[in-house]
Amino acid sequence: MPNRIEDYAVIGNCESLALVSRDGSIDWMCLPRFDSGACFAALLGGPEHGRWLVGPATDDAKVTRRYRGDTLILETEFETETGTAVIIDFMMRRDGVSDLIRLVRGLKGTVDMRTELIVRFEYGAIIPWVMDDSGGRLQFTAGPDRLLLLAPVRLRGEDMKTVGEFTVSEGEEVGFALNWSLSYRPQPEPADAAIGLRQSEEFWDDWVGKMKPMGEWSSVMMRSLLTLKALSHRETGGIVAAGTTSLPEWIGGPRNWDYRFCWLRDATLTLFALMGGGCLGEAQSWRDWLIRAVAGNPDDLQIMYGVAGERRLTEFEMPWLPGYEGSTPVRVGNAAAGQVQLDVYGEVLGALYVARKAGLQPDEADWALEIALVDHLEKIWQEPDDGIWEVRGGRKHFVHSKVMAWVAFDRAIKSAEEFDLKAPLEHWRTVRDTIHAQVCARGFDTARDSFVQSYGSTALDAALLLIPKVRFLPPTDPRVKGTLAAIEKELVRDGLVLRYDSGITEDGLPPGEGAFLACSFWLVDNYVLQERYDEAHALFERLLSLRNDVGLLAEEYDPVGKRQLGNFPQAFSHLSLINSARNLMMTDGKVRPPGAPVADSPPAEGGVR
């Protein structure tokens with residue numbers, strides 16, 4: 001029986017990450033950077049495509065796991081008939097080296113353990129050359145990649161894998177260290193597991209210590225913030241949408257995409273959540289990343305980039321991988337990089353506005369970039385685009401896209417007004433009002449009493465829930481209430497929200513996907529706006545119950561199969577959780593004034609893919 005997506009926990013060092021299953025097997029690990037190749041790809045194929053198992057020799061051990069406080073240090077405890085042992089998994093980084101550490105500690109009695117290491121570079125395609133190095137480590141090399149394994153137990157080669165057995169008793173500790181470095185550079189010194197554990201814990205404690213107090217749901221929000229931090233790159237400032245590629249949005253279906261890239265939308269919304277916790281350092285790094293990535297002609301703005309700002313993200317398939325539970329194709333790269341999505345202008349300009357309000361120091365290049373983006377948006381906002389959901393069924397005049405074009409002008413105007421920045425304000429106000437009038441005239445279906453997915457369509461879209469969140473219309477507006485009622489009636493399944501009806505919307509793919517978790521959090525926010533507080537709290541608690549045992553969420557949820565779907569862990573799901581928690585806490589005992597915005601703070605801005 002393969003592991004479900006929710007059976008995994010994530011560890012990382014802000015340049016790479018790994019997924020650890022409940023049985024102690026690491027079935028996915030990206031090499032630095034996030035969007036580079038993988039040396040463990042069992043998640044998308046099977047053990048033969050690369051994994052690292054450290055676990056009890058018996059298959060019937062009782063398993064409990066947890067993160068060590070507010071860190072990304074994972075502790076998995078195995079209780080057997082003869083004793084109890086814990087595996088402490090974490091990642092650390094040295095200059096040019098990425099370390100994966102696995103400490104096995106005996107807690108009670110004795111436990112027979114086993115290890116099985118299968119290294120396959122390039123997503124399971126390349127078998128490395130294996131040899132002993134002069135320092136007592138095993139070396140796995142293929143092209144530019146090198147892994148060095150330091151193991152204090154006797155290992156042997158067996159059927160193209162490295163295996164070993166050992167016993168750990170109460171009070172004993174066995175430490176494994178696997179590090180990556182470039183094969184053409186000198187070998188790094190072995191990692192000291194004990195020192196690495198202390199340094200890793202200090203790193204996370206220091207980062208968490210800078211956070212603002214969060215009140216109710218503090219532990220829930222902190223776990224999501226830590227997950228978002230894990231998806232940010234410590235050197236480039238880029239923020240990826242998720243840690244994996246091709247985990248399916250429907251088991252056995254073709255909706256399998258590579259999310260290990262920096263969508264402008266994803267990154268800006270992640271920033272809203274981080275800035276709400278006081279993380280201005282991430283905001284500064286991201287703004288610098290944005291200016292580097294977008295440098296040049298604003299006409300060439302892409303919706304997404306590589307983690308270092310790369311533009312060419314060619315999508316291709318890997319037929320040698322059978323896919324997660326047979327879900328094919330497995331894809332690397334993302335053709336959506338060539339799409340036009342008008343909403344990203346709204347998210348970017350909204351993020352920069354909020355960053356200024358949060359205290360980020362002004363930058364001349366920043367405002368020059370914003371002016372260039374607004375000027376370009378003025379030329380293209382009346383054209384059709386590919387929309388927030390990156391449909392592959394042809395461009396349309398998506399209502400959400402037009403709303404976010406309005407947001408772009410609105411936030412640029414607010415930045416100029418509030419921070420005394422030079423801008424053609426009267427002209428921008430005229431364009432902003434023109435967009436607003438067009439959306440209200442062409443995007444609202446009076447017969448349905450609802451806004452619709454695109455001009456001339458009758459289909460609904462969960463992205464319409466963002467209309468009051470971005471303050472395009474107040475929550476008391478009858479059109480907002482009518483749209484909410486229509487979405488509740490037609491897009492809600494078992495209390496959770498679909499992005500759209502994939503059997504109706506022409507998105508270029510066969511129908512079938514789970515409920516989109518971010519959209520369900522948007523419904524929570526709309527209930528808050530409508531002062532339907534009991535429903536907001538009930539839905540929020542329901543969504544919290546969908547997290548796995550260590551607080552992680554994928555992109556979607558299958559209410560029938562009762563399992564998580566899509567890439568994991570997913571930034572959108574976690575940032576939306578944080579925003580909804582903050583919005584619920586702002587209700588302050590249900591005394592919000594009627595029609596008040598959800599939050600005059602980062603969570604109120606933007607939308608998600």
# chains A, B, ... in the order shown; residues from 1 in each chain; ligands from 1
call {"tool": "select_by_dssp", "arguments": {"residues": "segment 473-542 of chain A", "states": "helix (DSSP H, G or I)", "output": "count of residues only"}}
result
36
call {"tool": "select_by_dssp", "arguments": {"residues": "segment 182-283 of chain A", "states": "strand (DSSP E or B)", "output": "number ranges by chain"}}
result
A: 182, 232, 239, 242, 245, 258, 262-263
call {"tool": "write_last_selection", "arguments": {"atoms": "C-alpha atoms", "output": "compact mmCIF listing (two decimals), in the first residue's frame"}}
result
# COMPACT_ATOMS: atom_id res chain seq x y z
CA LEU A 182 29.45 19.67 -6.47
CA SER A 232 11.87 30.41 0.61
CA ILE A 239 9.79 31.70 -2.82
CA ALA A 242 5.43 23.93 -3.32
CA THR A 245 6.34 18.14 -8.84
CA ASP A 258 5.72 21.15 -11.35
CA CYS A 262 8.44 31.22 -8.08
CA TRP A 263 5.04 32.40 -9.24
call {"tool": "residues_around", "arguments": {"residues": "segment 317-330 of chain A", "least_positions_apart": "2", "cutoff": "7 Å", "atoms": "only C-alpha atoms", "output": "PyMOL selection string"}}
result
chain A and resi 43-45+246-248+251-254+256+332
call {"tool": "residues_around", "arguments": {"residues": "Leu19 of chain A", "least_positions_apart": "5", "cutoff": "10 Å", "atoms": "only C-alpha atoms", "output": "count of residues only"}}
result
20
call {"tool": "closest_residue", "arguments": {"among": "A:Gly514, A:Gln339, A:Lys396, A:Glu75", "to": "Ser457 of chain A", "atoms": "only C-alpha atoms"}}
result
A:Lys396
call {"tool": "closest_residue", "arguments": {"among": "A:Leu464, A:Val492, A:Ile578, A:Leu149", "to": "Arg479 of chain A", "atoms": "only C-alpha atoms"}}
result
A:Leu464
call {"tool": "atom_distance", "arguments": {"atom1": "atom CA of Thr162 of chain A", "atom2": "atom CA of Arg198 of chain A"}}
result
28.6 Å
call {"tool": "residues_around", "arguments": {"residues": "Val97 of chain A", "least_positions_apart": "6", "cutoff": "7 Å", "atoms": "only C-alpha atoms", "output": "ChimeraX atom specification"}}
result
/A:179-181
call {"tool": "write_last_selection", "arguments": {"atoms": "N, CA, C and O atoms", "output": "PDB file, in the first residue's frame"}}
result
ATOM      1  N   ASN A 179      25.640  14.238   2.715  1.00  0.00           N
ATOM      2  CA  ASN A 179      25.759  15.609   2.237  1.00  0.00           C
ATOM      3  C   ASN A 179      25.926  15.659   0.728  1.00  0.00           C
ATOM      4  O   ASN A 179      26.487  14.754   0.112  1.00  0.00           O
ATOM      5  N   TRP A 180      25.384  16.735   0.161  1.00  0.00           N
ATOM      6  CA  TRP A 180      25.521  17.008  -1.269  1.00  0.00           C
ATOM      7  C   TRP A 180      26.520  18.124  -1.480  1.00  0.00           C
ATOM      8  O   TRP A 180      26.538  19.113  -0.733  1.00  0.00           O
ATOM      9  N   SER A 181      27.338  17.980  -2.504  1.00  0.00           N
ATOM     10  CA  SER A 181      28.220  19.055  -2.947  1.00  0.00           C
ATOM     11  C   SER A 181      28.530  18.819  -4.417  1.00  0.00           C
ATOM     12  O   SER A 181      28.236  17.753  -4.976  1.00  0.00           O
TER      13      SER A 181
END
call {"tool": "closest_residue", "arguments": {"among": "A:Asn583, A:Gln302, A:Asn334, A:Gln382", "to": "Leu264 of chain A", "atoms": "only C-alpha atoms"}}
result
A:Gln302
call {"tool": "closest_residue", "arguments": {"among": "A:Asp494, A:Asp145, A:Asp60, A:Glu201", "to": "Leu543 of chain A", "atoms": "only C-alpha atoms"}}
result
A:Asp494
call {"tool": "atom_distance", "arguments": {"atom1": "atom CA of Ala518 of chain A", "atom2": "atom CA of Ser285 of chain A"}}
result
25.2 Å
call {"tool": "residues_around", "arguments": {"residues": "Leu577 of chain A", "least_positions_apart": "6", "cutoff": "9 Å", "atoms": "only C-alpha atoms", "output": "PyMOL selection string"}}
result
chain A and resi 220-221+224+517-518+521+540+543-544
